[in-house]
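So the structure is just underneath, and the comments pick up after that.
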Amino acid sequence: MKNPIKVAVLVSGGGTNLQAIIDFCAEGKLESGKIVKVISNKEGAYALKRASDAEIPTAVVIKKGKTQAEFEKGLIEELESAGAQVIVLAGFMCILSKDFTDRYKDRIINVHPSLIPSFCGEGFYGLKVHEKALEYGVKVTGATVHFVNEVPDGGKIIMQKAVKIKDKDTPESLQKRVMQEAEWKILPASLELVCKMVIKGEI
């Protein structure tokens, strides 16, 4: 595409979801968007190496010692310098304020490792989500990509994919399978969908 939507990815850790998007791009499937910057709130996050290996510009905006407003001002400066039009939260372990999410309304997407509205909201992240799914005894879990607003996991759902729970599953095995079978598939696909919607003026 001649003028793809400029995408920024916010990360905190290993960057497996970022890698799924990078691979999606490498396969020529992100037709409507282009990753222009990867921003981490942590120095040395492995996600930054993944970005550098893919020749994507990176930045670090540290939250420690700053107010929420100061931290978000730093993020906004990096986003604006890259001309970012869509933001992906890929394992970004920071809650964003209403001021920030309102500024980028219908432009921020996140992947959550459950079928929202199950096992979501404040405090539900990482292995905790899968521990609760197993404790509750559900037979099906999965992942959800949603728009981000001021309510944790509260924005409109874009895409979901179900994953069956096996009798011998542990939180760790379930987490791995949900990533492989759901998160890594629907996050890149949702990004392409949202970029198309922006181009068409639908959001």
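Convention: chains lettered A, B, ... in structure tokens order; per-chain residue numbering from 1; ligands numbered from 1 as shown.
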(message) Taking 3 positions as the minimum chain separation for residues in the same chain, which residues sit within 12 Å of stretch 151-154 of chain A when counting only C-alpha atoms? Answer as an NGL selection string.
(response) :A and (89 or 93-98 or 101-102 or 108-125 or 143-148 or 157-158)
(request) Enumerate the residues of stretch 48-184 of chain A with a DSSP assignment of strand (DSSP E or B), computed from the backbone, and present them as number ranges by chain. (result) A: 58-60, 86-89, 108-112, 140-147, 157-164
Would you export the selected residues with C-alpha atoms as a short mmCIF file (atom, residue, chain, number, x, y, z; two decimals), in the first residue's frame, please?
data_model
loop_
_atom_site.label_atom_id
_atom_site.label_comp_id
_atom_site.auth_asym_id
_atom_site.auth_seq_id
_atom_site.Cartn_x
_atom_site.Cartn_y
_atom_site.Cartn_z
CA THR A 58 12.87 1.81 19.32
CA ALA A 59 12.49 4.09 22.33
CA VAL A 60 12.35 3.69 26.11
CA VAL A 86 -2.62 3.21 15.64
CA ILE A 87 -1.14 1.86 18.89
CA VAL A 88 -0.81 -1.80 19.84
CA LEU A 89 -0.34 -2.83 23.46
CA ILE A 108 -5.38 1.62 20.73
CA ILE A 109 -5.76 -2.17 20.66
CA ASN A 110 -4.79 -4.80 23.21
CA VAL A 111 -4.79 -8.58 23.37
CA HIS A 112 -6.06 -10.28 26.54
CA VAL A 140 -13.00 -23.42 26.76
CA THR A 141 -10.83 -20.32 27.05
CA GLY A 142 -9.03 -18.26 24.42
CA ALA A 143 -7.94 -14.73 23.64
CA THR A 144 -9.61 -11.42 22.84
CA VAL A 145 -8.38 -8.36 20.97
CA HIS A 146 -10.22 -5.22 22.01
CA PHE A 147 -10.07 -1.46 21.77
CA ILE A 157 -14.21 -6.39 21.24
CA ILE A 158 -12.58 -6.63 17.81
CA MET A 159 -11.82 -10.35 17.53
CA GLN A 160 -11.86 -13.52 19.66
CA LYS A 161 -10.56 -17.06 19.24
CA ALA A 162 -11.41 -20.02 21.44
CA VAL A 163 -8.97 -22.62 22.78
CA LYS A 164 -10.12 -25.89 24.36
#
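Distance annotation: of A:Lys63, A:Leu18, A:Arg107, A:Ser52, the residue with the minimal separation from A:Lys196 is A:Arg107; atom set is only C-alpha atoms.
Pairwise distance (atom CA of A:Ala26, atom CA of A:Val194) equals 18.6 Å.
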(message) Just list as a ChimeraX atom specification whatever in stretch 90-193 of chain A DSSP marks as helix (DSSP H, G or I).
(response) /A:98-103,127-136,171-193
Generate the output file for the selected residues, N, CA, C and O atoms, as a compact mmCIF listing (two decimals), in the first residue's frame.
# COMPACT_ATOMS: atom_id res chain seq x y z
N LYS A 98 -7.49 7.83 31.48
CA LYS A 98 -8.60 8.20 30.60
C LYS A 98 -8.17 9.31 29.63
O LYS A 98 -8.57 9.31 28.46
N ASP A 99 -7.36 10.26 30.11
CA ASP A 99 -6.87 11.33 29.23
C ASP A 99 -6.12 10.75 28.04
O ASP A 99 -6.31 11.19 26.90
N PHE A 100 -5.29 9.74 28.31
CA PHE A 100 -4.50 9.12 27.23
C PHE A 100 -5.40 8.33 26.28
O PHE A 100 -5.32 8.49 25.06
N THR A 101 -6.26 7.48 26.83
CA THR A 101 -7.11 6.63 25.97
C THR A 101 -8.12 7.47 25.18
O THR A 101 -8.43 7.15 24.04
N ASP A 102 -8.60 8.58 25.78
CA ASP A 102 -9.51 9.46 25.05
C ASP A 102 -8.79 10.16 23.90
O ASP A 102 -9.38 10.39 22.83
N ARG A 103 -7.54 10.49 24.12
CA ARG A 103 -6.73 11.15 23.07
C ARG A 103 -6.61 10.26 21.84
O ARG A 103 -6.57 10.75 20.70
N LEU A 127 -0.10 -15.19 34.01
CA LEU A 127 -0.52 -16.53 34.43
C LEU A 127 -1.79 -16.52 35.28
O LEU A 127 -2.52 -17.51 35.32
N LYS A 128 -2.07 -15.39 35.95
CA LYS A 128 -3.24 -15.31 36.83
C LYS A 128 -4.53 -15.64 36.07
O LYS A 128 -5.44 -16.27 36.60
N VAL A 129 -4.59 -15.18 34.82
CA VAL A 129 -5.79 -15.42 34.00
C VAL A 129 -6.01 -16.91 33.81
O VAL A 129 -7.12 -17.43 33.97
N HIS A 130 -4.95 -17.62 33.50
CA HIS A 130 -5.04 -19.06 33.22
C HIS A 130 -5.27 -19.87 34.50
O HIS A 130 -5.97 -20.88 34.49
N GLU A 131 -4.67 -19.40 35.60
CA GLU A 131 -4.91 -20.05 36.90
C GLU A 131 -6.40 -20.00 37.25
O GLU A 131 -6.99 -20.99 37.69
N LYS A 132 -7.00 -18.83 37.05
CA LYS A 132 -8.43 -18.66 37.37
C LYS A 132 -9.31 -19.49 36.45
O LYS A 132 -10.31 -20.07 36.90
N ALA A 133 -8.96 -19.57 35.18
CA ALA A 133 -9.74 -20.38 34.23
C ALA A 133 -9.74 -21.85 34.66
O ALA A 133 -10.79 -22.51 34.64
N LEU A 134 -8.57 -22.34 35.07
CA LEU A 134 -8.46 -23.74 35.51
C LEU A 134 -9.17 -23.95 36.84
O LEU A 134 -9.85 -24.97 37.04
N GLU A 135 -9.05 -23.00 37.76
CA GLU A 135 -9.74 -23.09 39.05
C GLU A 135 -11.25 -23.17 38.86
O GLU A 135 -11.94 -23.91 39.55
N TYR A 136 -11.74 -22.38 37.94
CA TYR A 136 -13.18 -22.29 37.71
C TYR A 136 -13.71 -23.53 37.00
O TYR A 136 -14.89 -23.85 37.08
N PRO A 171 -1.40 -23.98 34.36
CA PRO A 171 -1.45 -22.59 33.91
C PRO A 171 -0.40 -22.28 32.84
O PRO A 171 -0.68 -21.57 31.87
N GLU A 172 0.78 -22.89 33.02
CA GLU A 172 1.87 -22.64 32.06
C GLU A 172 1.59 -23.24 30.69
O GLU A 172 1.81 -22.59 29.65
N SER A 173 1.09 -24.48 30.66
CA SER A 173 0.81 -25.12 29.37
C SER A 173 -0.36 -24.43 28.67
O SER A 173 -0.37 -24.26 27.44
N LEU A 174 -1.32 -23.99 29.46
CA LEU A 174 -2.48 -23.30 28.89
C LEU A 174 -2.07 -21.94 28.34
O LEU A 174 -2.50 -21.55 27.25
N GLN A 175 -1.23 -21.23 29.08
CA GLN A 175 -0.75 -19.93 28.62
C GLN A 175 -0.05 -20.07 27.27
O GLN A 175 -0.30 -19.28 26.34
N LYS A 176 0.81 -21.08 27.16
CA LYS A 176 1.56 -21.30 25.93
C LYS A 176 0.63 -21.59 24.75
O LYS A 176 0.79 -21.05 23.65
N ARG A 177 -0.37 -22.44 25.00
CA ARG A 177 -1.28 -22.82 23.92
C ARG A 177 -2.20 -21.66 23.49
O ARG A 177 -2.49 -21.49 22.33
N VAL A 178 -2.64 -20.88 24.47
CA VAL A 178 -3.47 -19.72 24.15
C VAL A 178 -2.68 -18.73 23.30
O VAL A 178 -3.21 -18.14 22.35
N MET A 179 -1.41 -18.56 23.62
CA MET A 179 -0.55 -17.69 22.80
C MET A 179 -0.46 -18.22 21.37
O MET A 179 -0.72 -17.49 20.41
N GLN A 180 -0.08 -19.49 21.27
CA GLN A 180 0.19 -20.07 19.95
C GLN A 180 -1.08 -20.18 19.09
O GLN A 180 -1.05 -19.90 17.89
N GLU A 181 -2.17 -20.62 19.71
CA GLU A 181 -3.38 -20.90 18.94
C GLU A 181 -4.31 -19.70 18.78
O GLU A 181 -5.14 -19.68 17.88
N ALA A 182 -4.16 -18.71 19.66
CA ALA A 182 -5.10 -17.58 19.61
C ALA A 182 -4.40 -16.23 19.52
O ALA A 182 -4.54 -15.53 18.51
N GLU A 183 -3.65 -15.85 20.55
CA GLU A 183 -3.07 -14.50 20.59
C GLU A 183 -2.26 -14.16 19.34
O GLU A 183 -2.44 -13.09 18.74
N TRP A 184 -1.34 -15.05 18.97
CA TRP A 184 -0.43 -14.75 17.87
C TRP A 184 -1.15 -14.74 16.52
O TRP A 184 -0.59 -14.26 15.53
N LYS A 185 -2.36 -15.26 16.48
CA LYS A 185 -3.14 -15.24 15.23
C LYS A 185 -4.05 -14.02 15.15
O LYS A 185 -4.10 -13.32 14.14
N ILE A 186 -4.79 -13.77 16.25
CA ILE A 186 -5.80 -12.71 16.14
C ILE A 186 -5.25 -11.30 16.36
O ILE A 186 -5.85 -10.33 15.87
N LEU A 187 -4.11 -11.15 17.05
CA LEU A 187 -3.57 -9.80 17.23
C LEU A 187 -3.11 -9.20 15.90
O LEU A 187 -3.54 -8.09 15.55
N PRO A 188 -2.28 -9.90 15.12
CA PRO A 188 -1.89 -9.32 13.82
C PRO A 188 -3.09 -9.14 12.88
O PRO A 188 -3.19 -8.12 12.18
N ALA A 189 -4.01 -10.12 12.88
CA ALA A 189 -5.19 -10.02 12.01
C ALA A 189 -6.06 -8.83 12.40
O ALA A 189 -6.60 -8.11 11.54
N SER A 190 -6.19 -8.58 13.70
CA SER A 190 -6.97 -7.44 14.18
C SER A 190 -6.30 -6.13 13.81
O SER A 190 -6.97 -5.15 13.48
N LEU A 191 -4.98 -6.10 13.88
CA LEU A 191 -4.25 -4.89 13.51
C LEU A 191 -4.51 -4.54 12.05
O LEU A 191 -4.78 -3.38 11.72
N GLU A 192 -4.45 -5.52 11.19
CA GLU A 192 -4.75 -5.29 9.76
C GLU A 192 -6.18 -4.77 9.60
O GLU A 192 -6.43 -3.81 8.85
N LEU A 193 -7.12 -5.37 10.31
CA LEU A 193 -8.52 -4.96 10.23
C LEU A 193 -8.69 -3.51 10.68
O LEU A 193 -9.38 -2.71 10.02
